[in-house]
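With compact mmCIF, C-alpha atoms inside, this is query_33.txt:
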```txt
# COMPACT_ATOMS: atom_id res chain seq x y z
CA MET A 1 -5.52 -33.01 -32.46
CA PRO A 2 -7.80 -29.97 -32.11
CA LYS A 3 -7.13 -26.94 -34.26
CA VAL A 4 -6.93 -23.50 -32.60
CA LYS A 5 -7.62 -20.21 -34.35
CA PHE A 6 -6.95 -16.79 -32.84
CA THR A 7 -8.22 -13.24 -33.06
CA ALA A 8 -5.79 -11.15 -35.07
CA ALA A 9 -5.56 -8.79 -32.06
CA LEU A 10 -3.28 -11.27 -30.31
CA LYS A 11 -0.70 -11.08 -33.09
CA ARG A 12 0.28 -7.64 -31.80
CA PHE A 13 1.70 -9.33 -28.71
CA PHE A 14 2.70 -12.63 -30.29
CA PRO A 15 3.72 -11.86 -33.88
CA SER A 16 4.43 -15.48 -34.72
CA LEU A 17 0.98 -16.60 -33.62
CA GLN A 18 -1.01 -18.43 -36.25
CA GLU A 19 -3.55 -21.19 -36.58
CA THR A 20 -2.16 -24.25 -34.92
CA VAL A 21 -2.90 -27.76 -33.72
CA VAL A 22 -2.04 -28.82 -30.19
CA GLU A 23 -2.59 -31.74 -27.84
CA GLY A 24 -5.44 -31.48 -25.38
CA THR A 25 -8.79 -32.97 -24.41
CA SER A 26 -10.11 -29.93 -22.51
CA VAL A 27 -9.85 -26.18 -22.90
CA PHE A 28 -7.58 -26.18 -19.87
CA GLU A 29 -5.17 -28.60 -21.55
CA VAL A 30 -5.27 -26.73 -24.83
CA VAL A 31 -4.42 -23.44 -23.09
CA ALA A 32 -1.55 -25.18 -21.30
CA ALA A 33 -0.28 -26.53 -24.63
CA LEU A 34 -0.52 -23.07 -26.19
CA GLU A 35 1.53 -21.67 -23.31
CA GLN A 36 4.27 -24.16 -24.17
CA LYS A 37 4.32 -22.96 -27.76
CA HIS A 38 3.98 -19.27 -26.96
CA PRO A 39 5.27 -18.48 -23.45
CA GLY A 40 3.13 -15.81 -21.82
CA LEU A 41 0.10 -16.37 -24.03
CA SER A 42 -1.95 -18.00 -21.27
CA THR A 43 -1.72 -14.82 -19.14
CA TYR A 44 -3.58 -13.02 -21.92
CA LEU A 45 -6.37 -15.58 -21.84
CA VAL A 46 -6.83 -16.48 -18.18
CA ASP A 47 -6.32 -14.50 -14.98
CA ASP A 48 -4.14 -15.48 -12.04
CA ALA A 49 -7.08 -17.33 -10.48
CA GLY A 50 -7.18 -19.53 -13.58
CA LYS A 51 -10.47 -18.14 -14.91
CA LEU A 52 -11.05 -17.15 -18.50
CA ARG A 53 -10.71 -13.36 -18.64
CA GLN A 54 -14.01 -11.54 -18.60
CA HIS A 55 -13.57 -10.08 -22.07
CA VAL A 56 -12.12 -13.14 -23.76
CA ASN A 57 -14.39 -15.61 -25.50
CA VAL A 58 -13.52 -19.18 -26.41
CA PHE A 59 -15.69 -21.15 -28.83
CA ILE A 60 -15.50 -24.85 -29.59
CA LYS A 61 -16.88 -25.17 -33.07
CA ASN A 62 -19.74 -22.66 -32.88
CA GLU A 63 -20.46 -22.89 -29.16
CA LEU A 64 -19.16 -20.69 -26.37
CA ILE A 65 -17.52 -22.77 -23.69
CA GLN A 66 -19.60 -23.25 -20.54
CA ASP A 67 -16.98 -23.47 -17.81
CA ARG A 68 -15.13 -20.14 -17.72
CA ASP A 69 -13.80 -20.84 -14.23
CA LYS A 70 -11.95 -24.13 -14.67
CA LEU A 71 -11.93 -24.49 -18.47
CA SER A 72 -13.18 -28.06 -18.20
CA ASP A 73 -15.14 -28.13 -21.48
CA ALA A 74 -14.12 -31.13 -23.55
CA VAL A 75 -12.22 -30.65 -26.80
CA HIS A 76 -12.27 -33.50 -29.31
CA GLU A 77 -9.81 -34.74 -31.86
CA ASN A 78 -11.09 -32.80 -34.86
CA ASP A 79 -12.66 -29.82 -33.09
CA GLU A 80 -11.86 -26.27 -34.01
CA MET A 81 -11.35 -23.92 -31.10
CA PHE A 82 -11.62 -20.15 -31.60
CA ILE A 83 -10.13 -17.56 -29.25
CA PHE A 84 -11.68 -14.13 -29.65
CA GLN A 85 -11.81 -10.88 -27.75
CA ALA A 86 -15.33 -10.07 -26.62
CA LEU A 87 -17.09 -7.09 -28.14
CA SER A 88 -16.65 -4.34 -25.59
CA GLY A 89 -16.30 -0.69 -26.40
CA GLY A 90 -14.37 2.24 -25.00
CA MET B 1 20.51 14.56 -20.16
CA GLN B 2 17.27 15.55 -21.87
CA ARG B 3 14.21 15.43 -19.63
CA ALA B 4 11.00 13.70 -20.58
CA ILE B 5 7.45 13.83 -19.27
CA LEU B 6 5.78 10.44 -19.48
CA SER B 7 2.02 10.64 -19.66
CA GLY B 8 0.17 7.39 -18.99
CA THR B 9 -3.24 7.63 -20.62
CA SER B 10 -6.20 5.37 -21.23
CA LYS B 11 -4.94 4.92 -24.80
CA GLY B 12 -1.21 4.61 -24.40
CA LEU B 13 1.98 6.13 -23.08
CA VAL B 14 2.82 9.53 -24.58
CA VAL B 15 6.36 10.77 -24.01
CA PHE B 16 7.12 14.46 -24.26
CA TRP B 17 10.83 15.05 -24.71
CA MET B 18 11.54 18.52 -23.37
CA ASN B 19 13.90 21.28 -24.31
CA LYS B 20 14.47 23.80 -21.55
CA THR B 21 10.91 25.10 -21.52
CA SER B 22 9.20 23.55 -24.51
CA VAL B 23 8.38 20.23 -26.09
CA ALA B 24 11.07 19.05 -28.49
CA LYS B 25 9.30 15.93 -29.73
CA THR B 26 6.70 13.39 -28.71
CA GLU B 27 6.55 9.61 -28.93
CA VAL B 28 3.67 7.19 -28.43
CA HIS B 29 4.16 3.75 -26.94
CA PHE B 30 1.56 1.01 -26.33
CA ARG B 31 -0.86 2.84 -28.61
CA GLY B 32 -4.47 2.09 -27.78
CA PHE B 33 -3.80 0.41 -24.44
CA PRO B 34 -4.65 1.77 -20.98
CA VAL B 35 -1.59 2.66 -18.91
CA SER B 36 -2.23 2.24 -15.20
CA MET B 37 1.22 3.01 -13.81
CA VAL B 38 4.51 4.60 -14.81
CA PHE B 39 7.57 4.32 -12.60
CA ILE B 40 10.96 5.83 -13.44
CA ASP B 41 13.90 4.36 -11.58
CA ASP B 42 15.98 7.50 -11.15
CA GLU B 43 19.17 5.58 -10.48
CA THR B 44 19.09 3.13 -13.37
CA GLN B 45 16.86 5.22 -15.66
CA ILE B 46 14.80 2.14 -16.35
CA TRP B 47 11.20 2.98 -17.28
CA TRP B 48 8.47 0.72 -15.94
CA VAL B 49 4.94 0.75 -17.38
CA ALA B 50 1.91 -1.23 -16.25
CA LEU B 51 -0.87 -1.80 -18.75
CA SER B 52 -4.45 -2.63 -17.90
CA HIS B 53 -5.78 -4.27 -21.05
CA LYS B 54 -9.53 -4.45 -21.14
CA HIS B 55 -9.37 -7.85 -22.82
CA TRP B 56 -6.01 -9.30 -21.90
CA GLY B 57 -5.51 -8.24 -18.29
CA GLU B 58 -2.69 -6.55 -16.44
CA LYS B 59 0.82 -6.50 -17.88
CA LEU B 60 4.15 -5.02 -16.79
CA HIS B 61 6.83 -3.82 -19.20
CA PHE B 62 10.17 -2.10 -18.83
CA SER B 63 12.59 -0.25 -21.02
CA SER B 64 16.30 0.14 -20.36
CA ASP B 65 16.80 2.50 -23.30
CA CYS B 66 14.23 5.24 -22.65
CA GLY B 67 11.51 3.66 -24.72
CA VAL B 68 13.49 2.56 -27.77
CA SER B 69 12.62 -1.04 -26.89
CA TRP B 70 10.36 -2.69 -24.32
CA GLN B 71 10.45 -6.06 -22.60
CA ALA B 72 7.74 -7.91 -20.72
CA ALA B 73 8.35 -8.36 -16.99
CA GLY B 74 6.81 -10.94 -14.70
CA LEU B 75 3.51 -10.35 -12.99
CA PRO B 76 2.34 -10.46 -9.40
CA SER B 77 -0.08 -13.31 -8.86
CA PHE B 78 -2.79 -14.08 -6.33
CA SER B 79 -3.03 -17.67 -7.55
CA GLY B 80 -4.42 -19.90 -4.81
CA LEU B 81 -5.27 -16.99 -2.52
CA LYS B 82 -8.66 -15.89 -1.26
CA TYR B 83 -9.61 -12.24 -1.14
CA LYS B 84 -12.14 -13.19 1.50
CA PRO B 85 -13.29 -16.68 2.49
CA GLY B 86 -14.97 -18.16 -0.59
CA ILE B 87 -13.80 -15.42 -2.97
CA ALA B 88 -10.73 -16.13 -5.07
CA ALA B 89 -8.30 -13.22 -5.35
CA SER B 90 -7.02 -12.15 -8.73
CA LEU B 91 -4.96 -9.23 -9.95
CA LYS B 92 -7.17 -6.30 -10.95
CA LYS B 93 -4.63 -3.51 -11.40
CA ILE B 94 -1.01 -2.59 -10.77
CA TRP B 95 -1.08 0.78 -9.02
CA VAL B 96 2.40 1.65 -7.82
CA MET B 97 6.02 0.55 -7.92
CA GLN B 98 8.96 1.66 -5.78
CA ARG B 99 12.61 0.75 -5.37
CA ALA B 100 13.03 -1.25 -2.16
CA ASN B 101 16.62 -0.29 -1.36
CA GLN B 102 20.05 0.33 -2.95
CA ASP B 103 19.89 -2.97 -4.82
CA PRO B 104 18.61 -2.05 -8.29
CA ASN B 105 16.99 -5.48 -8.63
CA GLN B 106 14.64 -5.13 -5.66
CA PHE B 107 11.22 -3.50 -5.89
CA TRP B 108 7.93 -3.17 -4.09
CA LEU B 109 4.73 -3.27 -6.09
CA GLY B 110 1.25 -2.28 -4.90
CA THR B 111 -1.88 -3.71 -6.46
CA GLU B 112 -5.63 -3.99 -6.36
CA PRO B 113 -6.85 -5.97 -4.52
CA GLY B 114 -4.71 -4.72 -1.61
CA GLY B 115 -1.58 -6.78 -2.32
CA LEU B 116 1.98 -5.67 -1.64
CA PHE B 117 4.53 -7.62 -3.67
CA PHE B 118 8.30 -7.80 -3.52
CA SER B 119 10.67 -8.60 -6.36
CA GLU B 120 14.36 -9.32 -5.91
CA ASP B 121 15.11 -10.26 -9.50
CA SER B 122 14.35 -7.10 -11.45
CA GLY B 123 10.68 -7.90 -11.86
CA LYS B 124 11.01 -11.43 -13.21
CA THR B 125 9.06 -12.75 -10.22
CA PHE B 126 7.02 -11.18 -7.45
CA ARG B 127 6.29 -12.52 -3.98
CA LEU B 128 3.26 -11.45 -1.98
CA ASN B 129 3.98 -9.81 1.38
CA GLU B 130 2.02 -12.24 3.53
CA ALA B 131 2.31 -10.23 6.73
CA LEU B 132 0.21 -7.45 5.24
CA TRP B 133 -2.11 -9.80 3.35
CA ASN B 134 -2.77 -11.66 6.60
CA HIS B 135 -3.11 -8.52 8.73
CA PRO B 136 -6.32 -9.00 10.77
CA SER B 137 -7.72 -5.71 9.52
CA ARG B 138 -7.62 -6.79 5.85
CA LEU B 139 -10.34 -9.37 6.32
CA ASN B 140 -12.56 -6.88 8.13
CA GLU B 141 -14.89 -5.38 5.53
CA HIS B 142 -15.34 -2.33 7.72
CA GLN B 143 -11.60 -1.66 7.70
CA TRP B 144 -10.40 -2.60 4.20
CA PHE B 145 -12.93 -1.86 1.46
CA GLY B 146 -13.16 -0.59 -2.08
CA THR B 147 -13.71 3.04 -2.90
CA GLY B 148 -14.80 3.70 -6.43
CA LYS B 149 -13.28 0.29 -7.15
CA ASP B 150 -14.56 -3.08 -6.07
CA TYR B 151 -11.52 -3.76 -3.93
CA PRO B 152 -9.07 -1.79 -1.79
CA PHE B 153 -5.80 -0.96 -3.50
CA ILE B 154 -2.28 0.04 -2.51
CA HIS B 155 -1.36 3.26 -4.29
CA SER B 156 1.52 4.66 -2.24
CA ILE B 157 4.75 3.00 -1.11
CA LEU B 158 7.25 5.13 0.83
CA VAL B 159 10.70 3.83 1.72
CA ASP B 160 12.67 5.75 4.33
CA PRO B 161 15.99 6.80 2.71
CA ARG B 162 17.69 6.45 6.12
CA ASP B 163 16.54 2.85 6.61
CA HIS B 164 15.09 0.82 3.76
CA LYS B 165 13.40 -1.56 6.18
CA HIS B 166 11.24 1.35 7.29
CA ILE B 167 8.28 1.41 4.92
CA TYR B 168 4.86 3.02 4.69
CA ILE B 169 2.01 2.11 2.42
CA GLY B 170 -1.18 3.99 1.62
CA VAL B 171 -4.35 1.99 0.95
CA SER B 172 -7.70 3.20 -0.38
CA CYS B 173 -9.60 2.34 1.69
CA ALA B 174 -7.82 1.20 4.78
CA GLY B 175 -5.32 3.96 5.48
CA VAL B 176 -1.65 4.14 6.31
CA PHE B 177 0.43 1.20 7.52
CA GLU B 178 4.03 1.27 8.72
CA SER B 179 6.65 -1.44 8.91
CA ARG B 180 10.01 -1.00 10.59
CA ASP B 181 11.33 -4.48 9.81
CA GLY B 182 11.20 -4.68 6.03
CA GLY B 183 7.59 -5.78 5.87
CA LYS B 184 7.53 -8.52 8.50
CA ASN B 185 5.11 -6.59 10.72
CA TRP B 186 2.66 -3.82 9.87
CA HIS B 187 1.02 -1.25 12.12
CA PRO B 188 -1.81 1.17 11.31
CA ARG B 189 -0.72 4.80 11.43
CA ASN B 190 -3.96 6.72 11.13
CA ILE B 191 -4.22 8.74 14.32
CA GLY B 192 -5.43 12.24 13.48
CA LEU B 193 -6.98 11.27 10.16
CA ILE B 194 -10.71 11.69 9.63
CA ALA B 195 -13.09 9.32 7.85
CA ALA B 196 -16.13 11.58 7.48
CA TYR B 197 -17.91 8.89 5.43
CA LEU B 198 -18.12 6.50 8.41
CA PRO B 199 -20.34 6.68 11.49
CA LYS B 200 -17.22 6.58 13.63
CA THR B 201 -14.96 9.12 11.95
CA THR B 202 -11.71 8.12 13.65
CA PRO B 203 -11.36 4.37 13.16
CA GLU B 204 -8.00 2.72 13.62
CA VAL B 205 -8.30 1.43 10.03
CA GLY B 206 -10.75 2.51 7.32
CA HIS B 207 -9.27 5.75 5.99
CA ASP B 208 -8.87 6.96 2.44
CA PRO B 209 -5.50 8.52 1.73
CA HIS B 210 -5.63 9.46 -1.94
CA GLN B 211 -1.92 10.12 -2.35
CA MET B 212 0.99 10.10 0.09
CA LEU B 213 4.54 11.46 -0.29
CA MET B 214 7.58 11.48 2.03
CA CYS B 215 10.00 14.41 2.17
CA GLN B 216 13.33 12.83 1.22
CA SER B 217 15.42 15.37 3.18
CA ASN B 218 13.26 14.98 6.29
CA PRO B 219 11.58 11.57 6.10
CA ASP B 220 9.65 12.06 9.34
CA VAL B 221 7.51 14.49 7.36
CA ILE B 222 4.88 12.83 5.20
CA TRP B 223 2.10 14.61 3.35
CA GLN B 224 -1.16 13.12 2.19
CA GLN B 225 -4.07 14.35 0.13
CA ASN B 226 -6.86 12.42 1.75
CA HIS B 227 -10.51 12.02 0.80
CA CYS B 228 -11.26 14.12 3.89
CA GLY B 229 -8.67 16.85 3.51
CA ILE B 230 -4.95 17.50 3.43
CA PHE B 231 -2.86 16.05 6.24
CA ARG B 232 0.77 16.16 7.30
CA THR B 233 2.72 14.29 9.92
CA LEU B 234 5.94 15.57 11.49
CA ASN B 235 6.71 12.41 13.43
CA GLY B 236 6.58 9.58 10.93
CA GLY B 237 2.87 8.98 11.11
CA LEU B 238 2.44 8.78 14.87
CA GLU B 239 0.04 11.68 14.51
CA TRP B 240 -1.46 13.37 11.46
CA ILE B 241 -2.40 17.04 11.48
CA GLN B 242 -5.11 18.35 9.20
CA MET B 243 -3.88 21.24 7.06
CA SER B 244 -7.16 22.11 5.36
CA ASP B 245 -10.73 22.99 6.24
CA VAL B 246 -13.81 21.63 4.56
CA ALA B 247 -15.12 25.18 4.17
CA ASP B 248 -11.97 26.40 2.42
CA THR B 249 -9.90 25.72 -0.69
CA PRO B 250 -7.95 23.55 -1.00
CA HIS B 251 -9.48 20.61 0.84
CA TYR B 252 -10.73 17.79 -1.39
CA GLY B 253 -8.70 16.40 -4.25
CA PHE B 254 -6.39 13.61 -5.34
CA ALA B 255 -3.12 15.07 -6.58
CA LEU B 256 -0.17 16.05 -4.42
CA ALA B 257 3.41 17.19 -5.01
CA ILE B 258 6.05 18.11 -2.45
CA ASP B 259 9.49 19.68 -2.24
CA ASP B 260 11.97 17.01 -1.25
CA THR B 261 14.36 19.66 0.11
CA ASN B 262 11.81 21.58 2.20
CA PRO B 263 9.20 19.77 4.32
CA ASP B 264 7.02 22.89 4.52
CA VAL B 265 6.39 23.15 0.78
CA ALA B 266 3.64 21.26 -1.02
CA TRP B 267 1.22 21.62 -3.90
CA VAL B 268 -2.29 20.22 -4.41
CA ILE B 269 -4.86 20.52 -7.16
CA PRO B 270 -8.22 21.03 -5.49
CA ALA B 271 -11.54 19.65 -6.62
CA GLU B 272 -15.07 20.17 -5.44
CA SER B 273 -16.43 17.62 -3.02
CA ASP B 274 -16.59 13.94 -3.78
CA GLU B 275 -20.15 14.45 -5.01
CA SER B 276 -19.05 16.31 -8.14
CA ARG B 277 -15.26 15.88 -8.53
CA VAL B 278 -14.72 18.88 -10.79
CA PRO B 279 -12.39 21.88 -10.38
CA ILE B 280 -13.60 24.43 -7.83
CA ASP B 281 -16.02 26.73 -9.70
CA LEU B 282 -14.94 24.89 -12.89
CA LYS B 283 -11.66 26.84 -12.78
CA LEU B 284 -8.49 24.78 -12.82
CA ARG B 285 -5.91 25.86 -10.26
CA VAL B 286 -2.89 24.65 -8.33
CA CYS B 287 -2.53 25.53 -4.64
CA LYS B 288 0.85 25.86 -2.98
CA THR B 289 1.92 26.18 0.64
CA ILE B 290 5.34 27.27 1.86
CA ASP B 291 4.49 27.19 5.56
CA GLY B 292 3.62 23.56 6.10
CA GLY B 293 0.00 23.93 5.11
CA LYS B 294 -0.98 26.80 7.41
CA THR B 295 -1.78 28.96 4.38
CA TRP B 296 -2.28 28.15 0.71
CA GLN B 297 -1.82 30.34 -2.36
CA SER B 298 -3.72 29.66 -5.57
CA PHE B 299 -2.11 29.73 -9.03
CA SER B 300 -4.11 29.58 -12.24
CA ASN B 301 -1.98 31.44 -14.76
CA GLY B 302 -2.08 29.42 -17.97
CA LEU B 303 -4.87 27.12 -16.79
CA PRO B 304 -8.47 27.12 -18.09
CA GLN B 305 -10.74 29.39 -16.03
CA GLU B 306 -14.06 28.67 -17.65
CA ASN B 307 -16.01 25.43 -17.88
CA SER B 308 -13.05 23.30 -16.93
CA PHE B 309 -13.98 19.75 -16.00
CA ASP B 310 -10.38 18.65 -15.62
CA LEU B 311 -9.85 16.27 -12.73
CA VAL B 312 -6.31 15.32 -11.80
CA LEU B 313 -6.00 11.80 -10.46
CA ARG B 314 -3.71 10.73 -7.63
CA HIS B 315 -0.73 9.85 -9.80
CA GLY B 316 -1.34 12.61 -12.32
CA PHE B 317 0.86 15.29 -10.71
CA VAL B 318 4.65 15.26 -10.44
CA ARG B 319 7.56 17.52 -9.55
CA LYS B 320 11.17 16.70 -10.25
CA SER B 321 14.35 18.65 -10.98
CA GLY B 322 12.66 22.02 -11.31
CA LEU B 323 9.96 20.72 -13.61
CA MET B 324 6.32 20.21 -12.67
CA SER B 325 3.60 18.58 -14.72
CA PHE B 326 0.08 17.33 -14.35
CA GLY B 327 -2.39 15.59 -16.61
CA THR B 328 -6.16 15.57 -16.40
CA THR B 329 -9.01 13.23 -17.10
CA ASN B 330 -9.87 15.45 -20.06
CA GLY B 331 -6.57 14.58 -21.70
CA ASN B 332 -4.92 17.92 -21.03
CA LEU B 333 -1.27 17.99 -20.01
CA TYR B 334 0.35 21.02 -18.38
CA GLY B 335 3.89 21.91 -17.41
CA SER B 336 5.50 24.52 -15.17
CA PHE B 337 9.10 25.65 -15.04
CA ASP B 338 8.76 28.03 -12.07
CA ASP B 339 7.45 25.71 -9.36
CA GLY B 340 3.82 25.97 -10.29
CA GLU B 341 3.22 29.71 -10.58
CA MET B 342 2.86 29.77 -14.37
CA TRP B 343 1.56 26.86 -16.41
CA GLN B 344 1.78 26.09 -20.07
CA THR B 345 -0.27 23.65 -22.08
CA LEU B 346 1.76 20.74 -23.39
CA SER B 347 -1.19 18.98 -25.03
CA ASN B 348 -4.95 19.32 -25.30
CA THR B 349 -5.50 16.17 -27.30
CA LEU B 350 -4.54 13.22 -25.15
CA ALA B 351 -6.83 10.50 -23.86
CA PRO B 352 -7.75 10.65 -20.16
CA ILE B 353 -4.51 10.79 -18.19
CA HIS B 354 -4.02 8.39 -15.30
CA THR B 355 -0.43 9.02 -14.38
CA VAL B 356 2.44 11.42 -15.10
CA ALA B 357 6.13 10.85 -14.44
CA ILE B 358 9.33 12.76 -15.19
CA ALA B 359 12.49 11.07 -16.41
```
Write out the structure in this file as structure tokens.
Amino acid sequence: MPKVKFTAALKRFFPSLQETVVEGTSVFEVVAALEQKHPGLSTYLVDDAGKLRQHVNVFIKNELIQDRDKLSDAVHENDEMFIFQALSGG
Amino acid sequence: MQRAILSGTSKGLVVFWMNKTSVAKTEVHFRGFPVSMVFIDDETQIWWVALSHKHWGEKLHFSSDCGVSWQAAGLPSFSGLKYKPGIAASLKKIWVMQRANQDPNQFWLGTEPGGLFFSEDSGKTFRLNEALWNHPSRLNEHQWFGTGKDYPFIHSILVDPRDHKHIYIGVSCAGVFESRDGGKNWHPRNIGLIAAYLPKTTPEVGHDPHQMLMCQSNPDVIWQQNHCGIFRTLNGGLEWIQMSDVADTPHYGFALAIDDTNPDVAWVIPAESDESRVPIDLKLRVCKTIDGGKTWQSFSNGLPQENSFDLVLRHGFVRKSGLMSFGTTNGNLYGSFDDGEMWQTLSNTLAPIHTVAIA
């Protein structure tokens, strides 16, 4: 199962959040699995239209995902997925 | 009960607990996060706060113990809806919240883009008001359009205390809409308003009310600080009467406060035209009328009178229980204990203030 790592910023809202492994063969499925583990987490990552939020970045291994609208990028068995906040000031 | 001024800033909620005429202590909640809305339910004393995280989106929280603890509420959702054909709608900001009726579980919520939502379960879930969303004018880009924002937004919700099915909303830009059947049907109520930024200055829809308030003791009287002046209606919005002149002060501005016991009394905080949006002559002042807007008196005692760039946004001014307060985009918070004639500085060190409420 893919491993998911998170920006520490998310721990402020989900104190129990830590590196985890979940079922899923696409980013969409991984986000859905994370929502099961941490109810409400998906609303921090995607908007109500289902798109990745503008200032959230998701990497699979070292690559930014391509499909920010439908989260269809494939995630493989031993992949590492990173969820970061984008660099944006203010 | 001790009063509190809640200041929603771009970096958190700052609560000023007040003694009679001074600050007793302050508290900071949601430190570092932009607060887009504060709503105090006067009956239940539940505090509602909307956050507009740059990274993580819009969130809604409430506290039943005056900020000791906070819980996450549900969120309005545009999932599956189109803003316009081909453009998916998504929640951009929560602007305003209002009790719907005597049932403490029922609320209206106004959002950007132009959505009115209803909750009947204390904010666990929200349902879009489809009658307004499907109003023919909303899909007309000449009637509903963004102003300073990409999308139109609902910033004012007024519920008639005599009949909770009688509702008004204020939309920037679209104007005023009225429903007499609890939101099943909506009618534009913009006669008398001026849209000086359009070729046709008196459209049925396409106006920019910045802030709108209903006199609770005489609900047929509604005031609005509009992009194009100050207006008042005496007949529930059938006709608006302009109470300002473009050549005079006050005229332009965002902030508005009224006296819920006297429909002739109101306060505004004027700004120079929409080109500059700074205090008139860079001197911060509050203007008050006691004759329904025929004449205005200016008060500046205690306010900066030199190089003031303080702009007060539409939800940044409040009056309740003999206390007035406003916050500015420079992070200055002021209070008055004599209905706006003398002002005292409560803080000079806040982040830009979006909204002020009194609990």
Show me, as a list in words, every residue of chain B with an atom at most 6 Å from chain A, counting only C-alpha atoms.
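Close to chain A, chain B has His55, Trp56, Ser77, Ser79 and Ser90 of chain B.
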Near Ser308 of chain B, within 8 Å and counting all atoms listed in the file, which residues show up once chain neighbours fewer than 3 positions away are dropped, as a PyMOL selection string?
chain B and resi 278-279+282-284+304-305
Could you list, as a PyMOL selection string, every residue within 8 Å of His76 of chain A, counting all atoms listed in the file and ignoring same-chain residues fewer than 5 positions away?
chain A and resi 1-2+25-26
I need the residue nearest His354 of chain B from this list: B:His135, B:Lys288, B:Lys11, B:Lys184. Use all atoms listed in the file for the distance.
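Comparing B:His135, B:Lys288, B:Lys11, B:Lys184 against His354 of chain B, the winner is B:Lys11.
For the atom pair formed by atom CA of Asn262 of chain B and atom CA of Gly175 of chain B, the distance is 24.8 Å, given to one decimal.
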What is the atom CA of Ala266 of chain B to atom CA of Cys287 of chain B distance in Å?
8.3 Å
Taking only C-alpha atoms into account, name the residue in B:Asp163, B:Ser36, B:Thr261, B:Asn185 that is nearest to Asn129 of chain B.
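Nearest to Asn129 of chain B: B:Asn185.
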Measuring atom to atom with only C-alpha atoms, identify which of B:Ala88, B:Gly74, B:Gln211, B:Asn226 is nearest to Asp69 of chain A.
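Looking at the shortest contact to Asp69 of chain A, the residue is B:Ala88.
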Separation of atom CA of Arg285 of chain B from atom CA of Phe317 of chain B, in Å and rounded to one decimal
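The value is 12.6 Å.
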Nearby residues, (-10.7, -24.9, -32.5) file frame, 6 Å, all atoms listed in the file, as a VMD selection string
chain A and resid 2 to 5 60 79 to 82
Quick one: residues within 9 Å of Ser244 of chain B, all atoms listed in the file, excluding same-chain residues fewer than 5 positions away - as a ChimeraX atom specification?
/B:229-231,249-252,293-295
Centre and edges of the segment 58-64 of chain A box, axis-aligned, 8 Å extra per side, as AutoDock Vina command-line options:
```
--center_x -17.0 --center_y -22.2 --center_z -29.7 --size_x 22.9 --size_y 22.0 --size_z 22.7
```
Write out as a PDB file with C-alpha atoms, in the coordinates of the input each polymer residue whose atoms come within 6 Å of segment 113-118 of chain B, counting only C-alpha atoms; drop sequence neighbours fewer than 5 positions from it.
```
ATOM      1  CA  PHE B 107      11.220  -3.500  -5.890  1.00  0.00           C
ATOM      2  CA  TRP B 108       7.930  -3.170  -4.090  1.00  0.00           C
ATOM      3  CA  PHE B 126       7.020 -11.180  -7.450  1.00  0.00           C
ATOM      4  CA  ARG B 127       6.290 -12.520  -3.980  1.00  0.00           C
ATOM      5  CA  LEU B 128       3.260 -11.450  -1.980  1.00  0.00           C
ATOM      6  CA  ASN B 129       3.980  -9.810   1.380  1.00  0.00           C
ATOM      7  CA  TYR B 151     -11.520  -3.760  -3.930  1.00  0.00           C
ATOM      8  CA  PRO B 152      -9.070  -1.790  -1.790  1.00  0.00           C
ATOM      9  CA  PHE B 153      -5.800  -0.960  -3.500  1.00  0.00           C
ATOM     10  CA  ILE B 154      -2.280   0.040  -2.510  1.00  0.00           C
TER      11      ILE B 154
END
```
In terms of the shortest atom-to-atom distance over only C-alpha atoms, which of B:Arg162, B:Lys20, B:Lys84, B:Lys124 is closest to Phe62 of chain B?
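Closest residue, counting only C-alpha atoms: B:Lys124.
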In the coordinates of the file, take the point (3.1, -1.9, -0.8) and a cut-off of 12 Å; then, counting all atoms listed in the file, name each qualifying protein, DNA or RNA residue as a PyMOL selection string.
chain B and resi 94-100+107-119+127-133+153-159+166-172+176-179+182-183+186
